file structure20.csv (CSV, C-alpha atoms and all ligand atoms)
chain,number,residue,atom,x,y,z
A,1,MET,CA,0.0,0.0,0.0
A,2,LYS,CA,2.8,2.3,1.0
A,3,THR,CA,4.6,1.6,-2.3
A,4,LEU,CA,1.5,2.3,-4.2
A,5,ARG,CA,1.0,5.7,-2.4
A,6,LEU,CA,4.7,6.5,-3.1
A,7,ALA,CA,4.3,5.6,-6.7
A,8,THR,CA,1.2,7.8,-7.0
A,9,LEU,CA,3.0,10.7,-5.3
A,10,LEU,CA,6.0,10.4,-7.6
A,11,PHE,CA,3.7,10.3,-10.6
A,12,LEU,CA,1.9,13.5,-9.5
A,13,VAL,CA,5.2,15.2,-8.7
A,14,SER,CA,6.6,14.3,-12.2
A,15,LEU,CA,3.3,15.5,-13.8
A,16,THR,CA,3.6,18.8,-11.9
A,17,ILE,CA,7.2,19.3,-13.0
A,18,ALA,CA,6.3,18.3,-16.6
A,19,VAL,CA,3.6,20.9,-16.7
A,20,ALA,CA,5.4,23.5,-14.8
A,21,GLN,CA,8.1,23.5,-17.5
A,22,PRO,CA,6.7,21.6,-20.4
A,23,ARG,CA,9.0,20.6,-23.2
A,24,VAL,CA,7.4,20.8,-26.7
A,25,LEU,CA,8.5,19.9,-30.2
A,26,ILE,CA,6.5,21.3,-33.1
A,27,VAL,CA,6.6,19.3,-36.3
A,28,THR,CA,5.3,21.1,-39.4
A,29,ALA,CA,5.6,21.0,-43.1
A,30,HIS,CA,6.3,24.7,-44.1
A,31,PRO,CA,7.9,27.7,-42.5
A,32,ASP,CA,4.8,29.6,-41.2
A,33,ASP,CA,2.7,26.6,-40.2
A,34,GLU,CA,3.8,27.3,-36.6
A,35,SER,CA,1.5,30.3,-36.7
A,36,GLY,CA,-1.3,27.8,-35.8
A,37,CYS,CA,0.0,27.4,-32.3
A,38,ALA,CA,1.8,30.7,-31.9
A,39,SER,CA,-0.1,32.1,-28.9
A,40,THR,CA,0.0,28.8,-27.1
A,41,VAL,CA,3.8,28.6,-27.6
A,42,TYR,CA,4.1,32.2,-26.3
A,43,LYS,CA,2.4,31.4,-23.1
A,44,ILE,CA,4.3,28.1,-22.6
A,45,THR,CA,7.7,29.8,-23.0
A,46,HIS,CA,6.9,33.1,-21.3
A,47,GLU,CA,4.6,32.1,-18.5
A,48,LEU,CA,5.0,28.4,-17.8
A,49,GLY,CA,8.8,28.3,-18.1
A,50,GLY,CA,8.6,25.7,-20.9
A,51,THR,CA,10.8,25.0,-23.9
A,52,VAL,CA,9.6,24.8,-27.4
A,53,ASP,CA,11.6,23.6,-30.4
A,54,LEU,CA,10.5,23.4,-34.1
A,55,ALA,CA,11.1,20.8,-36.8
A,56,VAL,CA,10.2,22.0,-40.3
A,57,ILE,CA,10.2,19.4,-43.0
A,58,THR,CA,10.3,21.6,-46.2
A,59,ASN,CA,12.0,24.7,-47.3
A,60,GLY,CA,8.7,26.4,-48.3
A,61,GLU,CA,9.9,27.4,-51.7
A,62,ALA,CA,6.6,26.7,-53.4
A,63,GLY,CA,5.3,29.8,-51.6
A,64,TYR,CA,6.9,32.0,-54.3
A,65,LYS,CA,3.5,32.9,-55.8
A,66,TYR,CA,2.7,35.0,-52.7
A,67,SER,CA,5.9,37.0,-52.6
A,68,THR,CA,4.8,40.1,-54.5
A,69,PHE,CA,5.4,42.5,-51.6
A,70,ALA,CA,8.5,40.7,-50.4
A,71,SER,CA,10.1,41.1,-53.9
A,72,GLU,CA,10.4,44.8,-53.0
A,73,VAL,CA,11.8,44.0,-49.5
A,74,TYR,CA,14.5,41.6,-50.8
A,75,GLY,CA,15.2,43.3,-54.1
A,76,VAL,CA,14.6,40.2,-56.3
A,77,ASP,CA,11.6,39.0,-58.2
A,78,LEU,CA,10.6,36.2,-55.9
A,79,THR,CA,7.4,35.6,-57.8
A,80,ASN,CA,9.5,34.3,-60.7
A,81,GLU,CA,9.5,30.6,-60.1
A,82,ALA,CA,13.2,30.0,-60.8
A,83,VAL,CA,14.2,32.9,-58.7
A,84,GLY,CA,11.7,32.2,-55.9
A,85,ARG,CA,12.7,28.5,-55.7
A,86,ARG,CA,16.4,29.5,-55.5
A,87,GLU,CA,16.1,32.4,-53.0
A,88,LEU,CA,13.2,31.4,-50.7
A,89,PRO,CA,14.7,28.5,-48.8
A,90,ALA,CA,17.2,30.9,-47.1
A,91,ILE,CA,14.7,33.8,-46.8
A,92,ARG,CA,12.0,31.7,-45.3
A,93,LYS,CA,14.4,30.2,-42.7
A,94,LYS,CA,15.3,33.7,-41.6
A,95,GLU,CA,11.7,34.8,-41.5
A,96,LEU,CA,10.8,31.7,-39.5
A,97,MET,CA,13.5,32.4,-36.9
A,98,ALA,CA,12.6,36.1,-36.7
A,99,GLY,CA,9.0,35.1,-36.0
A,100,GLY,CA,9.9,32.4,-33.6
A,101,LYS,CA,11.9,34.9,-31.5
A,102,TRP,CA,8.6,36.7,-30.6
A,103,VAL,CA,7.0,33.5,-29.2
A,104,GLY,CA,10.2,32.0,-27.7
A,105,ILE,CA,11.0,29.1,-30.0
A,106,LYS,CA,14.4,27.9,-28.9
A,107,ASN,CA,15.9,25.3,-31.3
A,108,TYR,CA,15.2,24.9,-35.1
A,109,PHE,CA,15.6,21.7,-37.0
A,110,PHE,CA,15.4,22.1,-40.8
A,111,PHE,CA,14.8,19.0,-42.8
A,112,ASP,CA,15.2,20.8,-46.2
A,113,GLN,CA,12.8,18.6,-48.1
A,114,THR,CA,11.4,19.9,-51.4
A,115,ASP,CA,8.3,22.0,-51.3
A,116,THR,CA,7.0,20.9,-54.7
A,117,HIS,CA,3.6,22.4,-55.1
A,118,TYR,CA,0.1,22.5,-53.6
A,119,THR,CA,-1.5,19.1,-53.6
A,120,LEU,CA,-4.1,17.2,-51.5
A,121,ASP,CA,-2.3,13.9,-52.2
A,122,CYS,CA,0.0,12.9,-49.3
A,123,ASP,CA,0.6,9.4,-50.6
A,124,THR,CA,2.9,10.6,-53.4
A,125,VAL,CA,4.7,13.0,-51.0
A,126,LEU,CA,5.4,10.2,-48.6
A,127,ARG,CA,6.3,7.6,-51.4
A,128,SER,CA,8.5,9.6,-53.7
A,129,VAL,CA,8.9,13.3,-52.9
A,130,TRP,CA,10.5,13.4,-49.5
A,131,ASP,CA,13.2,11.2,-48.1
A,132,VAL,CA,10.9,9.8,-45.4
A,133,ALA,CA,13.3,7.2,-44.0
A,134,TRP,CA,15.9,9.9,-43.4
A,135,VAL,CA,13.3,12.4,-42.0
A,136,LYS,CA,12.1,9.7,-39.5
A,137,GLN,CA,15.6,8.7,-38.5
A,138,ARG,CA,16.6,12.3,-37.7
A,139,LEU,CA,13.3,13.0,-36.0
A,140,THR,CA,13.8,10.0,-33.8
A,141,LYS,CA,17.2,11.3,-32.7
A,142,ILE,CA,15.7,14.7,-32.0
A,143,LEU,CA,13.0,13.1,-29.9
A,144,GLN,CA,15.5,10.9,-28.0
A,145,GLN,CA,17.7,13.9,-27.2
A,146,GLY,CA,14.9,16.4,-26.5
A,147,GLY,CA,13.0,14.4,-23.9
A,148,TYR,CA,9.8,16.1,-25.0
A,149,ASP,CA,6.5,16.0,-23.1
A,150,PHE,CA,4.4,17.0,-26.1
A,151,VAL,CA,4.6,17.0,-29.9
A,152,PHE,CA,2.4,19.5,-31.7
A,153,THR,CA,1.9,18.6,-35.4
A,154,MET,CA,-0.5,19.2,-38.2
A,155,LEU,CA,-4.0,17.8,-38.0
A,156,PRO,CA,-4.2,15.7,-41.2
A,157,THR,CA,-7.7,16.6,-42.3
A,158,ASP,CA,-9.0,15.5,-45.8
A,159,SER,CA,-9.0,19.1,-47.1
A,160,THR,CA,-5.6,20.2,-45.9
A,161,HIS,CA,-2.4,20.4,-48.0
A,162,GLY,CA,-0.8,17.0,-48.7
A,163,HIS,CA,2.4,18.2,-47.1
A,164,HIS,CA,0.5,19.0,-43.8
A,165,LYS,CA,-1.0,15.6,-43.9
A,166,ALA,CA,2.4,14.0,-44.5
A,167,ALA,CA,4.0,15.9,-41.7
A,168,GLY,CA,1.4,14.8,-39.3
A,169,ILE,CA,1.6,11.2,-40.4
A,170,ILE,CA,5.4,11.2,-40.1
A,171,ALA,CA,5.3,12.7,-36.6
A,172,LEU,CA,2.8,10.1,-35.4
A,173,GLN,CA,4.6,7.2,-37.0
A,174,THR,CA,7.9,8.3,-35.6
A,175,VAL,CA,6.6,8.7,-32.1
A,176,SER,CA,4.8,5.3,-32.3
A,177,GLU,CA,8.1,3.7,-33.4
A,178,LEU,CA,10.4,5.3,-30.8
A,179,PRO,CA,12.8,2.8,-29.2
A,180,ALA,CA,12.0,1.5,-25.8
A,181,GLY,CA,13.3,3.7,-23.0
A,182,THR,CA,12.7,7.0,-24.9
A,183,ARG,CA,10.4,9.4,-23.2
A,184,LEU,CA,7.1,9.1,-25.1
A,185,PRO,CA,5.6,12.5,-25.9
A,186,VAL,CA,1.9,13.1,-26.2
A,187,VAL,CA,1.1,14.0,-29.8
A,188,LEU,CA,-1.5,16.6,-30.5
A,189,GLY,CA,-2.9,17.8,-33.9
A,190,MET,CA,-3.1,21.5,-34.5
A,191,GLY,CA,-6.6,22.1,-35.9
A,192,GLY,CA,-6.4,25.9,-36.3
A,193,GLY,CA,-9.6,27.3,-34.9
A,194,ARG,CA,-11.7,24.3,-35.8
A,195,VAL,CA,-14.3,23.7,-33.2
A,196,ASP,CA,-17.5,23.6,-35.2
A,197,GLY,CA,-18.5,21.8,-38.4
A,198,PRO,CA,-18.0,18.1,-39.2
A,199,ARG,CA,-15.6,16.7,-36.6
A,200,TYR,CA,-12.2,15.4,-37.7
A,201,THR,CA,-11.9,11.7,-37.0
A,202,GLU,CA,-9.2,10.3,-39.2
A,203,LEU,CA,-7.5,10.4,-42.6
A,204,PRO,CA,-8.6,7.4,-44.6
A,205,LYS,CA,-5.9,4.7,-45.1
A,206,TYR,CA,-3.8,6.1,-42.1
A,207,SER,CA,-5.3,4.6,-39.0
A,208,ILE,CA,-2.6,6.2,-36.9
A,209,THR,CA,-4.2,9.6,-37.5
A,210,ARG,CA,-7.4,8.6,-35.7
A,211,VAL,CA,-9.0,10.9,-33.1
A,212,ASP,CA,-11.8,9.2,-31.2
A,213,SER,CA,-15.1,10.9,-31.9
A,214,ASP,CA,-15.6,11.6,-28.2
A,215,ALA,CA,-12.0,12.7,-27.6
A,216,LYS,CA,-11.6,16.1,-25.9
A,217,ILE,CA,-10.5,18.9,-28.1
A,218,TYR,CA,-8.1,21.1,-26.2
A,219,VAL,CA,-8.5,24.9,-26.8
A,220,PHE,CA,-6.2,27.8,-26.2
A,221,ASP,CA,-8.2,31.0,-26.1
A,222,ARG,CA,-6.2,33.8,-27.7
A,223,LEU,CA,-8.7,36.3,-26.3
A,224,GLN,CA,-7.7,35.8,-22.7
A,225,LYS,CA,-7.5,39.4,-21.5
A,226,PHE,CA,-4.9,41.1,-19.3
A,227,GLY,CA,-2.9,44.3,-18.9
A,228,PHE,CA,-4.0,47.9,-18.5
A,229,LYS,CA,-7.8,48.1,-18.6
A,230,ASN,CA,-7.7,44.5,-19.5
A,231,ALA,CA,-7.3,45.6,-23.1
A,232,LEU,CA,-4.6,43.2,-24.2
A,233,ASP,CA,-4.8,39.6,-25.4
A,234,TYR,CA,-2.7,36.8,-26.9
A,235,ARG,CA,-3.3,37.6,-30.5
A,236,THR,CA,-0.4,40.1,-30.4
A,237,PRO,CA,2.5,37.6,-30.3
A,238,ALA,CA,0.8,35.6,-33.0
A,239,ASN,CA,0.5,38.7,-35.1
A,240,TRP,CA,4.1,39.6,-34.6
A,241,LEU,CA,5.2,36.1,-35.7
A,242,ILE,CA,3.0,36.3,-38.8
A,243,ALA,CA,4.3,39.8,-39.7
A,244,GLU,CA,7.8,38.3,-40.0
A,245,HIS,CA,6.8,35.9,-42.7
A,246,LYS,CA,7.0,38.8,-45.2
A,247,SER,CA,7.4,36.5,-48.3
A,248,GLN,CA,4.0,35.0,-47.6
A,249,GLY,CA,1.5,37.6,-48.7
A,250,VAL,CA,-1.5,35.5,-47.9
A,251,MET,CA,-0.2,34.7,-44.4
A,252,GLN,CA,-0.2,38.5,-43.7
A,253,THR,CA,-4.0,38.5,-44.1
A,254,TYR,CA,-4.3,36.1,-41.1
A,255,ILE,CA,-3.4,39.0,-38.7
A,256,ASN,CA,-6.0,39.0,-35.9
A,257,MET,CA,-7.7,36.0,-37.6
A,258,GLY,CA,-8.8,33.2,-35.3
A,259,ASP,CA,-9.6,33.5,-31.7
A,260,LYS,CA,-8.8,30.0,-30.8
A,261,GLU,CA,-6.0,27.5,-31.2
A,262,THR,CA,-7.3,23.9,-31.1
A,263,PHE,CA,-5.4,20.7,-30.4
A,264,TYR,CA,-6.8,17.3,-31.2
A,265,TYR,CA,-5.9,14.3,-29.1
A,266,PHE,CA,-4.8,11.4,-31.2
A,267,ALA,CA,-6.0,7.9,-30.1
A,268,MET,CA,-2.5,6.5,-30.5
A,269,ASN,CA,-1.5,8.3,-27.3
A,270,GLY,CA,-3.8,6.0,-25.3
A,271,ALA,CA,-6.5,7.5,-23.2
A,272,SER,CA,-4.4,7.7,-20.0
A,273,ARG,CA,-2.2,10.5,-21.3
A,274,ASN,CA,-5.2,12.9,-21.5
A,275,GLU,CA,-4.5,13.8,-17.9
A,276,GLU,CA,-1.2,15.4,-18.8
A,277,VAL,CA,-2.8,17.4,-21.6
A,278,ALA,CA,-5.6,18.6,-19.3
A,279,VAL,CA,-3.1,19.8,-16.7
A,280,LEU,CA,-1.2,21.7,-19.4
A,281,PHE,CA,-4.3,23.4,-20.8
A,282,ASP,CA,-5.6,24.2,-17.3
A,283,ALA,CA,-2.2,26.0,-16.7
A,284,LEU,CA,-2.6,27.7,-20.1
A,285,ALA,CA,-6.0,29.0,-19.2
A,286,ARG,CA,-4.9,30.6,-15.9
A,287,PRO,CA,-4.9,34.4,-15.9
A,288,ARG,CA,-1.7,36.0,-16.6
A,289,LYS,CA,0.0,37.8,-13.7
A,290,GLN,CA,-0.6,41.5,-14.7
B,1,ZN,ZN,1.7,25.0,-44.7
call {"tool": "encode", "arguments": {"input": "structure20.csv", "output": "structure tokens", "more": "lines below"}}
Ligand SMILES: [Zn+2]
result
Amino acid sequence: MKTLRLATLLFLVSLTIAVAQPRVLIVTAHPDDESGCASTVYKITHELGGTVDLAVITNGEAGYKYSTFASEVYGVDLTNEAVGRRELPAIRKKELMAGGKWVGIKNYFFFDQTDTHYTLDCDTVLRSVWDVAWVKQRLTKILQQGGYDFVFTMLPTDSTHGHHKAAGIIALQTVSELPAGTRLPVVLGMGGGRVDGPRYTELPKYSITRVDSDAKIYVFDRLQKFGFKNALDYRTPANWLIAEHKSQGVMQTYINMGDKETFYYFAMNGASRNEEVAVLFDALARPRKQ
């Protein structure tokens, strides 16, 4: 009985420590996808004492079509495909890190896979566009060394970019295949502001992407108020991050868009890990010290 009590106590202590200073790895497809969890990341790094790292699978060079304003900023015609594909990998890395600074992202892992073009098809991406074996091998090492509590990745909905789907699938598969003895992070799918409409359950053919129909959707409210006259909220750091992605013209129109950041709990985590996520999101909902 005593041993059981001690084990429970140790578990609760470890849970408290984990949530007091959560360690998070974000796994995305493109530089700018991290905007979907920007406010959550800000609060984790600035108010919970946590650490957030980012793994980005592609260079994001297919975003050249949206670089009209940025062509003036960088002095080259980035909307020209040849120029854009040549210049954007370096530009977008710099923009990503400039944005990440506002929300406290610490380490960046670039996987430099090709950003071919927009597609809904993730099968081809996984089969023949990206070097998936190498990506998974490197991601495994990063997870082993990082000792993460949580992985935030893309929610692989039917309608999202095939690269987003592929990034989510790779993250889920890599975590599920981690060698024994590695700290097993809880994997959550970033669903943008999705709370209404048909509920995401899984991507056909990829059972690892399943979210139980009654699984809790964890929500970070960007509109939590604080500061002088309670006039401030958590959209600001997200806006600052977005503003740094100057080469992505469409991304700039997302300023102040979306009041919520949603996180879906994948069934592969096993129901028992919900408790850790609940503790994290309770902490994230606590009022900021003014
Ligand atoms: Zn993207």
call {"tool": "closest_residue", "arguments": {"input": "structure20.csv", "among": "A:Met257, A:Ala283, A:Leu143, A:Met190", "to": "A:Lys43", "atoms": "only C-alpha atoms"}}
result
A:Ala283
call {"tool": "closest_residue", "arguments": {"input": "structure20.csv", "among": "A:Val83, A:Ile242, A:Ala20, A:Ile217", "to": "A:Ile255", "atoms": "all atoms listed in the file"}}
result
A:Ile242
call {"tool": "residues_near_ligand", "arguments": {"input": "structure20.csv", "ligand": "ligand ZN 1 (chain B)", "cutoff": "10 Å", "atoms": "all atoms listed in the file", "output": "list in words"}}
result
Thr28, Ala29, His30, Pro31, Asp32, Asp33, Glu34, Ser35, Gly36, Thr58, Gly60, Gly63, Asp115, Tyr118, Met154, Thr160, His161, Gly162, His163, His164, Lys165, Ala167 and Met251 of chain A
call {"tool": "atom_distance", "arguments": {"input": "structure20.csv", "atom1": "atom CA of A:Tyr265", "atom2": "atom CA of A:Asp158"}}
result
17.0 Å
call {"tool": "atom_distance", "arguments": {"input": "structure20.csv", "atom1": "atom CA of A:Cys37", "atom2": "atom CA of A:Phe228"}}
result
25.0 Å
call {"tool": "closest_residue", "arguments": {"input": "structure20.csv", "among": "A:Ala285, A:Leu78, A:Val27, A:Ala62", "to": "A:Asp221", "atoms": "all atoms listed in the file"}}
result
A:Ala285
call {"tool": "atom_distance", "arguments": {"input": "structure20.csv", "atom1": "atom CA of A:Arg92", "atom2": "atom CA of A:Glu47"}}
result
27.8 Å
call {"tool": "build_atoms", "arguments": {"input": "structure20.csv", "residues": "stretch 271-290 of chain A", "atoms": "N, CA and C atoms", "output": "PDB file, in the frame of the given file"}}
result
ATOM      1  N   ALA A 271      -5.683   6.569 -23.926  1.00  0.00           N
ATOM      2  CA  ALA A 271      -6.500   7.500 -23.200  1.00  0.00           C
ATOM      3  C   ALA A 271      -5.885   8.063 -21.927  1.00  0.00           C
ATOM      4  N   SER A 272      -4.976   7.299 -21.308  1.00  0.00           N
ATOM      5  CA  SER A 272      -4.400   7.700 -20.000  1.00  0.00           C
ATOM      6  C   SER A 272      -3.606   8.992 -20.052  1.00  0.00           C
ATOM      7  N   ARG A 273      -3.102   9.350 -21.216  1.00  0.00           N
ATOM      8  CA  ARG A 273      -2.200  10.500 -21.300  1.00  0.00           C
ATOM      9  C   ARG A 273      -3.049  11.840 -21.333  1.00  0.00           C
ATOM     10  N   ASN A 274      -4.371  11.710 -21.460  1.00  0.00           N
ATOM     11  CA  ASN A 274      -5.200  12.900 -21.500  1.00  0.00           C
ATOM     12  C   ASN A 274      -4.993  13.779 -20.240  1.00  0.00           C
ATOM     13  N   GLU A 275      -4.686  13.108 -19.130  1.00  0.00           N
ATOM     14  CA  GLU A 275      -4.500  13.800 -17.900  1.00  0.00           C
ATOM     15  C   GLU A 275      -3.414  14.875 -17.979  1.00  0.00           C
ATOM     16  N   GLU A 276      -2.303  14.487 -18.630  1.00  0.00           N
ATOM     17  CA  GLU A 276      -1.200  15.400 -18.800  1.00  0.00           C
ATOM     18  C   GLU A 276      -1.559  16.614 -19.643  1.00  0.00           C
ATOM     19  N   VAL A 277      -2.348  16.349 -20.683  1.00  0.00           N
ATOM     20  CA  VAL A 277      -2.800  17.400 -21.600  1.00  0.00           C
ATOM     21  C   VAL A 277      -3.714  18.369 -20.846  1.00  0.00           C
ATOM     22  N   ALA A 278      -4.611  17.758 -20.059  1.00  0.00           N
ATOM     23  CA  ALA A 278      -5.600  18.600 -19.300  1.00  0.00           C
ATOM     24  C   ALA A 278      -4.858  19.499 -18.338  1.00  0.00           C
ATOM     25  N   VAL A 279      -3.837  18.974 -17.662  1.00  0.00           N
ATOM     26  CA  VAL A 279      -3.100  19.800 -16.700  1.00  0.00           C
ATOM     27  C   VAL A 279      -2.402  20.948 -17.446  1.00  0.00           C
ATOM     28  N   LEU A 280      -1.837  20.660 -18.628  1.00  0.00           N
ATOM     29  CA  LEU A 280      -1.200  21.700 -19.400  1.00  0.00           C
ATOM     30  C   LEU A 280      -2.183  22.803 -19.805  1.00  0.00           C
ATOM     31  N   PHE A 281      -3.329  22.385 -20.317  1.00  0.00           N
ATOM     32  CA  PHE A 281      -4.300  23.400 -20.800  1.00  0.00           C
ATOM     33  C   PHE A 281      -4.979  24.132 -19.653  1.00  0.00           C
ATOM     34  N   ASP A 282      -5.067  23.498 -18.495  1.00  0.00           N
ATOM     35  CA  ASP A 282      -5.600  24.200 -17.300  1.00  0.00           C
ATOM     36  C   ASP A 282      -4.573  25.342 -16.972  1.00  0.00           C
ATOM     37  N   ALA A 283      -3.286  24.997 -17.018  1.00  0.00           N
ATOM     38  CA  ALA A 283      -2.200  26.000 -16.700  1.00  0.00           C
ATOM     39  C   ALA A 283      -2.286  27.123 -17.763  1.00  0.00           C
ATOM     40  N   LEU A 284      -2.528  26.747 -19.017  1.00  0.00           N
ATOM     41  CA  LEU A 284      -2.600  27.700 -20.100  1.00  0.00           C
ATOM     42  C   LEU A 284      -3.792  28.662 -19.993  1.00  0.00           C
ATOM     43  N   ALA A 285      -4.812  28.192 -19.284  1.00  0.00           N
ATOM     44  CA  ALA A 285      -6.000  29.000 -19.200  1.00  0.00           C
ATOM     45  C   ALA A 285      -5.984  29.918 -17.944  1.00  0.00           C
ATOM     46  N   ARG A 286      -4.969  29.716 -17.098  1.00  0.00           N
ATOM     47  CA  ARG A 286      -4.900  30.600 -15.900  1.00  0.00           C
ATOM     48  C   ARG A 286      -4.571  31.984 -16.270  1.00  0.00           C
ATOM     49  N   PRO A 287      -5.182  32.941 -15.563  1.00  0.00           N
ATOM     50  CA  PRO A 287      -4.900  34.400 -15.900  1.00  0.00           C
ATOM     51  C   PRO A 287      -3.488  34.730 -15.760  1.00  0.00           C
ATOM     52  N   ARG A 288      -3.058  35.553 -16.658  1.00  0.00           N
ATOM     53  CA  ARG A 288      -1.700  36.000 -16.600  1.00  0.00           C
ATOM     54  C   ARG A 288      -1.512  36.972 -15.419  1.00  0.00           C
ATOM     55  N   LYS A 289      -0.296  36.879 -14.804  1.00  0.00           N
ATOM     56  CA  LYS A 289       0.000  37.800 -13.700  1.00  0.00           C
ATOM     57  C   LYS A 289       0.151  39.191 -14.417  1.00  0.00           C
ATOM     58  N   GLN A 290      -0.616  40.146 -13.981  1.00  0.00           N
ATOM     59  CA  GLN A 290      -0.600  41.500 -14.700  1.00  0.00           C
ATOM     60  C   GLN A 290       0.716  42.121 -14.694  1.00  0.00           C
TER      61      GLN A 290
END
